[in-house]
$ cat my_file-v4.txt   # compact mmCIF, C-alpha atoms
# COMPACT_ATOMS: atom_id res chain seq x y z
CA MET P 69 37.36 104.62 115.36
CA ILE P 70 40.97 105.00 114.20
CA PRO P 71 43.50 104.62 117.00
CA GLY P 72 44.75 108.08 118.00
CA ASP P 73 41.66 109.77 116.73
CA PHE P 74 40.68 110.95 120.19
CA GLN P 75 37.66 113.10 120.53
CA ILE P 76 36.31 114.69 123.67
CA ARG P 77 32.94 113.34 124.30
CA LYS P 78 30.23 115.94 124.23
CA PRO P 79 28.88 116.29 127.77
CA SER P 80 25.31 115.39 128.35
CA ARG P 81 22.84 117.97 129.63
CA ILE P 82 22.92 116.53 133.13
CA GLN P 83 26.70 116.76 133.21
CA VAL P 84 26.58 120.39 132.06
CA LEU P 85 24.07 121.13 134.78
CA ILE P 86 26.14 119.47 137.54
CA LEU P 87 29.37 121.11 136.39
CA GLY P 88 27.64 124.45 136.16
CA ILE P 89 26.26 124.19 139.69
CA LEU P 90 29.65 123.10 141.00
CA GLY P 91 31.36 125.99 139.24
CA ILE P 92 28.96 128.64 140.47
CA GLY P 93 29.02 127.10 143.96
CA GLY P 94 32.81 127.25 143.97
CA LEU P 95 32.80 130.90 142.95
CA VAL P 96 30.25 131.81 145.63
CA GLY P 97 32.28 129.80 148.14
CA ALA P 98 35.43 131.69 147.22
CA VAL P 99 33.72 135.05 147.66
CA VAL P 100 32.18 134.02 151.00
CA GLY P 101 35.58 132.72 152.10
CA LEU P 102 37.24 136.01 151.21
CA VAL P 103 34.62 138.01 153.10
CA LEU P 104 34.94 135.71 156.10
CA GLY P 105 38.72 135.98 155.95
CA ALA P 106 38.49 139.77 155.86
CA PHE P 107 36.12 139.63 158.83
CA VAL P 108 38.49 137.44 160.83
CA ILE P 109 41.47 139.64 160.02
CA THR P 110 39.45 142.71 160.98
CA ALA P 111 38.41 141.13 164.25
CA TRP P 112 42.02 140.14 164.90
CA LEU P 113 43.30 143.64 164.28
CA GLY P 114 40.42 145.21 166.19
CA LEU P 115 39.93 147.75 163.42
CA PRO P 116 38.28 147.53 160.01
CA LEU P 117 40.78 147.20 157.19
CA ASP P 118 41.68 150.60 155.80
CA VAL P 119 40.45 149.74 152.29
CA PHE P 120 37.36 150.68 150.27
CA GLY P 121 36.55 153.29 152.92
CA LEU P 122 35.71 150.55 155.44
CA ASN P 123 37.38 152.45 158.26
CA GLU P 124 35.92 155.84 157.47
CA GLY P 125 34.01 156.48 160.64
CA PRO P 126 30.24 156.60 160.94
CA GLU P 127 27.89 159.24 159.57
CA GLN P 128 26.86 161.50 162.46
CA PRO P 129 23.45 163.20 162.82
CA ILE P 130 25.23 166.53 162.51
CA ALA P 131 28.41 166.59 160.42
CA PHE P 132 30.37 168.19 163.25
CA PRO P 133 33.71 169.43 161.92
CA HIS P 134 36.47 168.87 164.48
CA THR P 135 38.75 170.44 161.88
CA THR P 136 37.06 173.83 162.22
CA HIS P 137 36.90 173.84 165.99
CA VAL P 138 40.26 172.29 166.85
CA LYS P 139 42.46 173.06 163.88
CA SER P 140 41.24 176.49 162.82
CA LEU P 141 39.92 177.89 166.08
CA GLY P 142 42.41 176.10 168.33
CA MET P 143 39.89 175.04 170.92
CA ASP P 144 41.04 172.67 173.64
CA CYS P 145 39.50 169.17 173.74
CA THR P 146 38.53 169.72 177.37
CA PHE P 147 36.46 172.78 176.51
CA CYS P 148 33.70 170.51 175.20
CA HIS P 149 34.66 167.11 176.66
CA ARG P 150 34.60 168.52 180.14
CA ASN P 151 34.35 165.41 182.26
CA VAL P 152 37.57 163.97 180.89
CA THR P 153 39.77 165.45 183.61
CA VAL P 154 37.33 164.51 186.36
CA GLY P 155 35.76 161.15 185.79
CA ALA P 156 35.34 158.00 183.79
CA ALA P 157 33.61 159.22 180.64
CA ALA P 158 34.98 162.05 178.51
CA SER P 159 31.35 163.11 177.97
CA VAL P 160 29.78 164.77 174.96
CA PRO P 161 28.76 168.38 175.57
CA ALA P 162 25.16 169.38 176.05
CA VAL P 163 23.49 171.18 173.16
CA GLY P 164 23.40 174.28 175.35
CA LEU P 165 27.17 174.48 175.35
CA CYS P 166 27.25 174.56 171.55
CA MET P 167 24.58 177.24 171.61
CA THR P 168 26.69 179.63 173.65
CA CYS P 169 28.49 180.40 170.40
CA HIS P 170 26.07 179.19 167.77
CA LYS P 171 23.23 181.41 168.91
CA THR P 172 25.00 184.13 166.96
CA ILE P 173 27.61 182.37 164.84
CA GLY P 174 26.88 180.43 161.67
CA ASP P 175 23.66 181.77 160.21
CA GLY P 176 22.84 180.09 156.94
CA ASN P 177 24.91 176.99 157.63
CA GLU P 178 22.81 173.88 157.14
CA GLU P 179 24.45 171.85 159.92
CA ILE P 180 24.17 174.69 162.41
CA SER P 181 20.49 175.14 161.62
CA LYS P 182 20.13 171.42 162.46
CA LEU P 183 21.82 172.12 165.79
CA ARG P 184 19.44 175.01 166.47
CA ASP P 185 16.49 172.75 165.69
CA TYR P 186 17.76 170.27 168.27
CA HIS P 187 18.12 173.07 170.77
CA SER P 188 14.63 174.49 170.22
CA SER P 189 13.04 171.04 170.30
CA GLY P 190 14.88 170.18 173.52
CA LEU P 191 15.89 166.77 172.20
CA PRO P 192 19.42 165.41 172.61
CA ILE P 193 21.57 164.70 169.58
CA ASN P 194 21.89 160.97 168.94
CA TRP P 195 25.62 160.91 168.24
CA VAL P 196 26.90 157.62 166.88
CA ARG P 197 29.45 156.19 169.27
CA VAL P 198 32.87 155.63 167.71
CA HIS P 199 35.02 154.34 170.57
CA ARG P 200 33.59 151.61 172.73
CA VAL P 201 35.22 149.11 175.05
CA PRO P 202 33.28 146.05 176.25
CA ASP P 203 31.11 146.24 179.35
CA HIS P 204 33.56 144.21 181.44
CA VAL P 205 36.23 146.87 180.98
CA ASN P 206 36.20 149.81 183.35
CA PHE P 207 38.13 152.41 181.45
CA ILE P 208 38.49 155.71 183.26
CA HIS P 209 39.79 158.75 181.41
CA GLU P 210 40.86 160.79 184.40
CA PRO P 211 44.03 158.94 185.56
CA HIS P 212 45.23 158.62 181.96
CA ILE P 213 44.90 162.33 181.36
CA ARG P 214 46.55 163.02 184.72
CA HIS P 215 49.51 160.73 184.04
CA PHE P 216 50.17 161.75 180.44
CA GLY P 217 49.24 165.36 181.05
CA GLU P 218 52.40 165.77 183.12
CA LYS P 219 54.41 164.34 180.25
CA TYR P 220 52.80 166.05 177.29
CA GLY P 221 51.78 169.34 178.84
CA GLY P 222 48.09 169.18 179.46
CA PRO P 223 45.18 167.08 178.27
CA ALA P 224 45.20 168.26 174.64
CA GLY P 225 48.41 166.46 173.72
CA THR P 226 47.29 163.40 175.61
CA CYS P 227 44.03 162.66 173.80
CA GLN P 228 45.67 161.93 170.49
CA LEU P 229 47.76 159.12 171.96
CA CYS P 230 44.68 156.91 171.73
CA HIS P 231 42.23 158.87 169.61
CA GLY P 232 44.59 160.00 166.86
CA ASP P 233 44.67 163.51 165.50
CA VAL P 234 40.94 164.17 165.77
CA GLY P 235 41.57 167.80 164.88
CA ARG P 236 42.36 166.77 161.32
CA MET P 237 39.55 164.24 160.96
CA VAL P 238 36.52 165.23 158.94
CA LYS P 239 34.69 162.17 160.20
CA VAL P 240 35.93 160.86 163.54
CA LYS P 241 37.18 157.30 163.27
CA GLN P 242 38.96 154.88 165.54
CA VAL P 243 42.69 154.69 164.92
CA ARG P 244 43.89 152.35 167.64
CA SER P 245 42.55 148.86 168.17
CA LEU P 246 41.97 149.54 171.90
CA LYS P 247 42.02 145.79 172.51
CA MET P 248 43.44 144.41 175.73
CA GLY P 249 46.89 143.80 174.26
CA ASP P 250 47.03 147.43 173.24
CA CYS P 251 46.13 148.54 176.78
CA VAL P 252 48.55 146.14 178.47
CA ASP P 253 51.48 147.08 176.23
CA CYS P 254 51.02 150.73 177.12
CA HIS P 255 50.51 149.96 180.82
CA LYS P 256 53.75 147.98 180.87
CA ALA P 257 55.65 150.72 179.05
CA ASN P 258 54.46 153.31 181.58
CA ASP P 259 54.81 151.27 184.79
CA ALA P 260 51.05 151.31 185.27
CA PRO P 261 49.45 148.46 187.20
CA THR P 262 48.69 145.35 185.15
CA ASP P 263 46.67 143.51 187.75
CA CYS P 264 43.43 142.24 186.19
CA THR P 265 41.33 144.12 188.73
CA THR P 266 42.78 147.41 187.52
CA CYS P 267 40.19 147.37 184.77
CA HIS P 268 38.05 144.24 185.20
CA TYR P 269 35.67 144.16 188.15
CA MET T 194 47.17 150.30 197.14
CA ALA T 195 49.48 147.55 196.04
CA ASP T 196 50.97 147.05 199.49
CA ALA T 197 47.64 146.43 201.18
CA LYS T 198 46.25 143.15 202.44
CA TRP T 199 42.55 143.60 202.75
CA GLY T 200 40.62 141.65 205.32
CA MET T 201 37.58 141.67 207.51
CA VAL T 202 36.72 141.07 211.13
CA ILE T 203 33.16 139.96 211.83
CA ASP T 204 31.89 140.21 215.37
CA VAL T 205 29.22 137.54 215.56
CA ASP T 206 28.20 138.86 218.97
CA LYS T 207 27.07 142.11 217.37
CA CYS T 208 25.27 140.53 214.43
CA THR T 209 21.50 140.74 214.72
CA GLY T 210 20.80 138.96 211.47
CA CYS T 211 19.06 141.98 209.98
CA GLN T 212 20.22 141.20 206.41
CA ALA T 213 21.14 144.84 205.70
CA CYS T 214 24.52 143.66 204.43
CA VAL T 215 22.85 141.24 202.04
CA VAL T 216 20.62 143.93 200.56
CA ALA T 217 23.48 146.44 200.36
CA CYS T 218 25.66 143.91 198.57
CA GLN T 219 22.94 142.98 196.10
CA SER T 220 22.34 146.57 195.09
CA GLU T 221 26.00 147.64 195.07
CA ASN T 222 27.21 144.75 192.98
CA ASN T 223 24.37 144.29 190.47
CA VAL T 224 23.55 140.88 191.87
CA PRO T 225 20.48 139.48 190.10
CA ILE T 226 17.22 139.33 192.03
CA ASN T 227 16.66 135.97 193.67
CA THR T 228 13.10 134.86 193.18
CA GLU T 229 11.36 132.14 195.17
CA ASP T 230 11.76 129.85 192.20
CA ILE T 231 15.51 130.34 192.14
CA PHE T 232 15.79 129.81 195.88
CA ASN T 233 13.93 126.52 195.60
CA GLN T 234 16.38 125.41 192.95
CA ARG T 235 19.26 126.26 195.35
CA ARG T 236 20.69 128.58 192.74
CA ALA T 237 20.27 131.88 194.57
CA ILE T 238 23.18 134.30 194.28
CA GLU T 239 24.16 136.05 197.51
CA TRP T 240 27.73 137.28 197.72
CA ILE T 241 27.20 137.66 201.44
CA ARG T 242 24.56 135.62 203.23
CA VAL T 243 23.44 135.48 206.83
CA GLU T 244 23.21 131.89 207.96
CA ARG T 245 20.71 131.21 210.72
CA TYR T 246 20.96 128.43 213.23
CA TRP T 247 18.48 127.48 215.95
CA GLU T 248 19.91 126.55 219.30
CA GLY T 249 18.03 124.81 222.09
CA GLU T 250 14.55 123.33 222.44
CA PHE T 251 11.30 125.24 222.47
CA PRO T 252 10.60 127.44 224.41
CA ASP T 253 14.27 128.15 225.13
CA VAL T 254 15.21 128.69 221.52
CA LYS T 255 17.94 131.02 220.46
CA ALA T 256 18.58 132.20 216.94
CA ARG T 257 22.23 132.34 215.96
CA PHE T 258 23.44 134.33 212.98
CA ILE T 259 26.66 134.29 211.09
CA PRO T 260 27.35 136.33 207.97
CA VAL T 261 29.29 134.32 205.42
CA LEU T 262 31.09 135.88 202.49
CA CYS T 263 34.12 134.99 200.41
CA GLN T 264 36.92 134.45 202.92
CA HIS T 265 39.59 135.62 200.45
CA CYS T 266 41.80 132.75 201.58
CA ASP T 267 45.54 133.05 201.28
CA ASP T 268 45.65 129.40 200.22
CA ALA T 269 42.42 129.45 198.31
CA PRO T 270 41.20 126.04 197.15
CA CYS T 271 39.34 127.66 194.27
CA GLU T 272 42.43 129.05 192.60
CA PRO T 273 44.50 126.04 191.53
CA VAL T 274 41.53 124.25 189.96
CA CYS T 275 40.68 126.97 187.48
CA PRO T 276 41.89 125.87 184.05
CA VAL T 277 41.91 129.39 182.61
CA PHE T 278 43.29 131.39 185.57
CA ALA T 279 40.04 133.30 185.86
CA THR T 280 40.46 133.30 189.62
CA TYR T 281 43.76 134.17 191.20
CA HIS T 282 45.29 136.03 194.10
CA ASN T 283 46.22 139.61 193.42
CA ASN T 284 48.87 141.65 195.18
CA GLU T 285 46.32 143.13 197.59
CA GLY T 286 45.61 139.80 199.22
CA MET T 287 42.31 139.48 197.46
CA ASN T 288 40.96 136.46 195.71
CA VAL T 289 39.59 137.93 192.51
CA GLN T 290 37.35 136.61 189.80
CA ILE T 291 37.91 137.85 186.25
CA TYR T 292 34.59 137.51 184.48
CA ASN T 293 35.83 137.80 180.95
CA ARG T 294 38.28 134.96 181.47
CA CYS T 295 35.78 132.62 183.09
CA ILE T 296 34.50 129.78 180.94
CA GLY T 297 32.11 128.39 183.53
CA THR T 298 33.59 125.04 184.47
CA ARG T 299 32.35 125.55 188.07
CA PHE T 300 35.39 123.68 189.43
CA CYS T 301 36.10 126.59 191.77
CA ALA T 302 32.63 126.51 193.32
CA ASN T 303 32.91 122.78 193.82
CA ASN T 304 36.24 123.20 195.53
CA CYS T 305 35.20 126.06 197.81
CA PRO T 306 34.47 124.80 201.33
CA TYR T 307 32.51 127.95 202.22
CA HIS T 308 30.00 127.81 199.35
CA VAL T 309 30.49 131.45 198.52
CA ARG T 310 30.97 131.19 194.79
CA TYR T 311 27.89 131.50 192.66
CA PHE T 312 27.24 130.46 189.13
CA ASN T 313 25.01 132.38 186.75
CA PHE T 314 22.70 129.71 185.48
CA TRP T 315 20.63 132.31 183.64
CA GLU T 316 21.00 135.65 182.00
CA PRO T 317 20.28 138.11 184.83
CA GLU T 318 17.07 140.08 184.50
CA TRP T 319 15.78 143.14 186.26
CA PRO T 320 12.34 144.67 186.08
CA ASP T 321 12.21 147.76 183.86
CA THR T 322 11.81 149.98 186.89
CA LEU T 323 15.14 148.82 188.28
CA THR T 324 17.38 148.95 185.23
CA HIS T 325 18.52 152.45 186.13
CA GLN T 326 19.60 151.43 189.62
CA LEU T 327 22.40 149.21 188.31
CA ASN T 328 25.83 150.28 189.46
CA PRO T 329 27.78 151.48 186.42
CA ASP T 330 31.09 150.67 188.12
CA VAL T 331 30.35 146.96 188.28
CA THR T 332 30.07 144.57 185.35
CA VAL T 333 26.72 142.90 184.88
CA ARG T 334 27.64 139.24 184.69
CA SER T 335 26.10 137.25 181.93
CA ARG T 336 24.96 133.64 181.88
CA GLY T 337 27.56 130.93 182.27
CA ILE T 338 30.15 132.55 184.50
CA MET T 339 31.10 132.39 188.14
CA GLU T 340 30.87 135.34 190.49
CA LYS T 341 31.68 136.06 194.10
CA CYS T 342 32.42 138.74 196.68
CA THR T 343 35.07 141.17 195.45
CA PHE T 344 35.46 143.15 198.71
CA CYS T 345 33.87 145.89 196.57
CA VAL T 346 37.08 146.39 194.61
CA GLN T 347 35.36 149.09 192.54
CA ARG T 348 35.26 151.26 195.67
CA ILE T 349 38.92 150.64 196.40
CA ARG T 350 39.81 151.58 192.84
CA ARG T 351 37.66 154.69 192.79
CA THR T 352 38.77 155.91 196.19
CA SER T 353 42.47 155.38 195.57
CA ARG T 354 42.14 157.09 192.20
CA GLU T 355 40.38 160.09 193.69
CA ALA T 356 42.85 160.24 196.55
CA ASP T 357 45.66 160.21 193.99
CA ARG T 358 43.99 163.00 192.05
CA ASP T 359 43.42 165.18 195.10
CA GLY T 360 46.74 164.26 196.71
CA ARG T 361 45.28 163.09 199.98
CA GLU T 362 45.77 160.06 202.20
CA ILE T 363 43.03 157.47 202.63
CA GLU T 364 42.27 156.94 206.26
CA ASP T 365 41.68 153.52 207.73
CA GLY T 366 38.05 152.46 207.67
CA ALA T 367 36.95 155.31 205.42
CA ARG T 368 33.36 154.87 204.30
CA GLU T 369 34.17 155.53 200.66
CA LEU T 370 36.67 152.69 200.72
CA SER T 371 34.77 150.07 202.72
CA PRO T 372 32.58 147.45 201.09
CA ALA T 373 28.84 148.06 200.95
CA CYS T 374 28.11 145.41 203.61
CA VAL T 375 30.42 147.08 206.11
CA ASN T 376 28.93 150.50 205.50
CA SER T 377 25.40 149.23 205.89
CA CYS T 378 25.89 147.23 209.09
CA PRO T 379 23.83 149.00 211.78
CA THR T 380 25.73 147.43 214.68
CA SER T 381 29.19 147.69 213.09
CA ALA T 382 29.57 143.96 213.38
CA LEU T 383 31.64 144.00 210.21
CA VAL T 384 34.98 145.79 210.27
CA TRP T 385 37.08 145.99 207.16
CA GLY T 386 40.58 147.22 206.53
CA ASP T 387 44.20 146.59 205.75
CA PHE T 388 46.02 143.87 207.71
CA ASN T 389 49.37 145.23 206.54
CA ASN T 390 48.67 148.53 208.24
CA LYS T 391 49.62 147.80 211.86
CA ASN T 392 47.46 150.65 213.15
CA SER T 393 44.26 149.71 211.35
CA LYS T 394 41.18 148.60 213.23
CA VAL T 395 41.32 145.10 211.78
CA SER T 396 44.98 144.67 212.70
CA ASN T 397 44.28 145.76 216.26
CA LEU T 398 41.32 143.40 216.53
CA ALA T 399 43.34 140.53 215.11
CA GLU T 400 46.16 141.30 217.53
CA LYS T 401 43.78 141.40 220.46
CA GLU T 402 41.47 138.51 219.68
CA MET T 403 43.50 135.91 217.79
CA SER T 404 45.70 133.30 219.43
CA HIS T 405 49.41 133.92 219.57
CA ASN T 406 52.01 131.23 220.09
CA GLY T 407 49.38 128.69 221.03
CA SER T 408 47.82 130.68 223.84
CA HIS T 409 44.23 131.50 223.05
CA HIS T 410 42.97 134.49 224.94
CA GLY T 411 40.54 136.16 222.58
CA ARG T 412 37.30 135.42 220.81
CA GLY T 413 38.80 135.27 217.35
CA TYR T 414 38.66 132.29 215.05
CA LYS T 415 38.72 131.66 211.35
CA MET T 416 36.05 129.65 209.67
CA MET T 417 37.04 126.03 209.11
CA GLU T 418 40.58 126.91 210.06
CA ASN T 419 41.57 123.26 210.11
CA LEU T 420 41.30 123.10 206.32
CA GLY T 421 44.42 125.25 206.06
CA THR T 422 42.93 127.80 203.71
CA SER T 423 44.14 130.69 205.93
CA PRO T 424 41.20 133.01 205.33
CA ASN T 425 41.44 136.79 205.52
CA VAL T 426 38.16 137.00 207.38
CA ILE T 427 38.27 136.68 211.15
CA TYR T 428 35.17 135.87 213.19
CA LEU T 429 34.75 136.88 216.82
CA LYS T 430 32.59 134.35 218.59
CA LYS T 431 29.45 135.17 220.48
CA ILE T 432 29.54 136.08 224.16
CA ASP T 433 26.83 134.05 225.83
CA LYS T 434 26.71 133.68 229.56
CA HIS T 435 23.92 131.13 229.41
CA ALA T 436 25.54 128.93 226.84
CA LYS T 437 26.42 125.44 227.93
CA GLU T 438 30.06 124.87 228.65
CA THR T 439 31.60 123.39 225.59
CA VAL T 440 34.95 121.80 225.09
CA ALA T 441 35.94 124.20 222.39
CA HIS T 442 39.57 124.66 223.32
CA GLU T 443 40.84 121.49 224.83
$ encode --input "my_file-v4.txt" --output "structure tokens"
Amino acid sequence: MIPGDFQIRKPSRIQVLILGILGIGGLVGAVVGLVLGAFVITAWLGLPLDVFGLNEGPEQPIAFPHTTHVKSLGMDCTFCHRNVTVGAAASVPAVGLCMTCHKTIGDGNEEISKLRDYHSSGLPINWVRVHRVPDHVNFIHEPHIRHFGEKYGGPAGTCQLCHGDVGRMVKVKQVRSLKMGDCVDCHKANDAPTDCTTCHY
Amino acid sequence: MADAKWGMVIDVDKCTGCQACVVACQSENNVPINTEDIFNQRRAIEWIRVERYWEGEFPDVKARFIPVLCQHCDDAPCEPVCPVFATYHNNEGMNVQIYNRCIGTRFCANNCPYHVRYFNFWEPEWPDTLTHQLNPDVTVRSRGIMEKCTFCVQRIRRTSREADRDGREIEDGARELSPACVNSCPTSALVWGDFNNKNSKVSNLAEKEMSHNGSHHGRGYKMMENLGTSPNVIYLKKIDKHAKETVAHE
């Protein structure tokens, strides 16, 4: 061999195999790491990242359009979510309440015929829950509506503080993290109690 | 209700040991069912328990009862030992336990002289027929955390919220406000209320029965007072004409 005549040695088959495995393993590792990182960031924010339609809101058994009812018809949130000014849960209306209008309105609409099927079968609609706080949190709608209602003129303006502008959402999605920091910040800003037993008991 | 200081007066003379308070507490606060197995392991959870003592020799035996619950001490020994501040004193004079903060070191239970803190050694289980009787206002505690009497804080919260909503005053000793044990007591041995309210039943009883300036003229005492925990639960001792003269107050 002449000095300076340097040639890269041809790798043996074993070496190719090992390097190949290492390379593919590294790639898989990188992808897994990215997914894990996205998961951690999501968990930290309390909301899915708003990319690739991750935070689109779930598919509901009936594609209920809040846009039609709230935006076009101008219905008040409390017309359907009746318990919100009284108790803990905002409550989802019974099928019968929908049927007061939809007995006559909406012939030929596919979603409304689904609703009528539910009504005639007597089964409840299995709505997919969008907003959920953990079991150790006792969130009660009523005092929040009462407090902010005085400020914003009634419950309707109050709901969107936490739930966003549901009237413009085709699919309802969560817009605020609703984690404890979120709650406490707002409680502090509004002189609400921040004792732990306000919510945790 | 931030200016309140909740407390209880327990008249041991009226207590018949019927255990109604124990049952009421278990069902109000989603306390897991204590099976024989669990009792034998000394891991039963009873936020309030009725201790029974026998006095005298057969046939002159007397059963003595004393309900014991969290004393909500002003200088609570359980509080400073918690490394995560899961137990602390709130501005209503209550010693509270925050379940989601608790990491289950059990230091607090070890430091409690009254043995009223209970650890969940298992995931609580109810028979299928009872799952719908759980109180939705109270968290079901999972395995690995400490729990104890809360003075039924969920009732205080609900009542004060509803009173706020309806613009009414809450009267002293209202049933909707009182803990489940107090409401269930058939002889009204348990009285519960606000020590800061000078006209409340508990304040009057404390005024009447506790010692003032060293002169002891009532039946009131606090459990293990000498430990300096300054409990918020006052006991009124039993009236017993046949009891042997003791040197209780030398």
$ interface_residues --input "my_file-v4.txt" --of "chain T" --to "chain P" --cutoff "7 Å" --atoms "only C-alpha atoms" --output "PyMOL selection string"
chain T and resi 283+291+293+331-332+346-347
$ atom_distance --input "my_file-v4.txt" --atom1 "atom CA of T:Trp240" --atom2 "atom CA of T:Lys341"
5.5 Å
$ residues_around --input "my_file-v4.txt" --residues "T:Asn397" --least-positions-apart "4" --cutoff "12 Å" --atoms "all atoms listed in the file" --output "PyMOL selection string"
chain T and resi 201-202+365+384-393+401-403+413
$ residues_near_point --input "my_file-v4.txt" --point "(45.4, 164.8, 174.4)" --cutoff "12 Å" --atoms "all atoms listed in the file" --output "number ranges by chain"
P: 138, 144-146, 149, 152-153, 158, 209-210, 212-235
$ residues_near_point --input "my_file-v4.txt" --point "(38.6, 146.0, 163.1)" --cutoff "12 Å" --atoms "all atoms listed in the file" --output "PyMOL selection string"
chain P and resi 106-119+122-125+199+241-247
$ closest_residue --input "my_file-v4.txt" --among "T:Thr280, T:Asn419, T:Thr352, T:Asn313" --to "T:Met339" --atoms "only C-alpha atoms"
T:Asn313
$ closest_residue --input "my_file-v4.txt" --among "T:Gly366, T:Pro317, T:Gly360, T:Pro276" --to "T:Arg294" --atoms "only C-alpha atoms"
T:Pro276
$ atom_distance --input "my_file-v4.txt" --atom1 "atom CA of T:Ala256" --atom2 "atom CA of T:Lys430"
14.3 Å
$ axis_aligned_box --input "my_file-v4.txt" --around "stretch 392-406 of chain T" --padding-each-side "5 Å" --output "lines of an AutoDock Vina configuration file"
center_x = 46.6
center_y = 140.9
center_z = 215.9
size_x = 20.8
size_y = 29.4
size_z = 19.1
$ atom_distance --input "my_file-v4.txt" --atom1 "atom CA of T:Arg368" --atom2 "atom CA of T:Arg348"
9.5 Å
$ residues_around --input "my_file-v4.txt" --residues "T:Arg299" --least-positions-apart "3" --cutoff "9 Å" --atoms "all atoms listed in the file" --output "list in words"
Cys275, Ile296, Ala302, Asn303, Asn304, Arg310, Tyr311, Phe312, Ile338 and Met339 of chain T
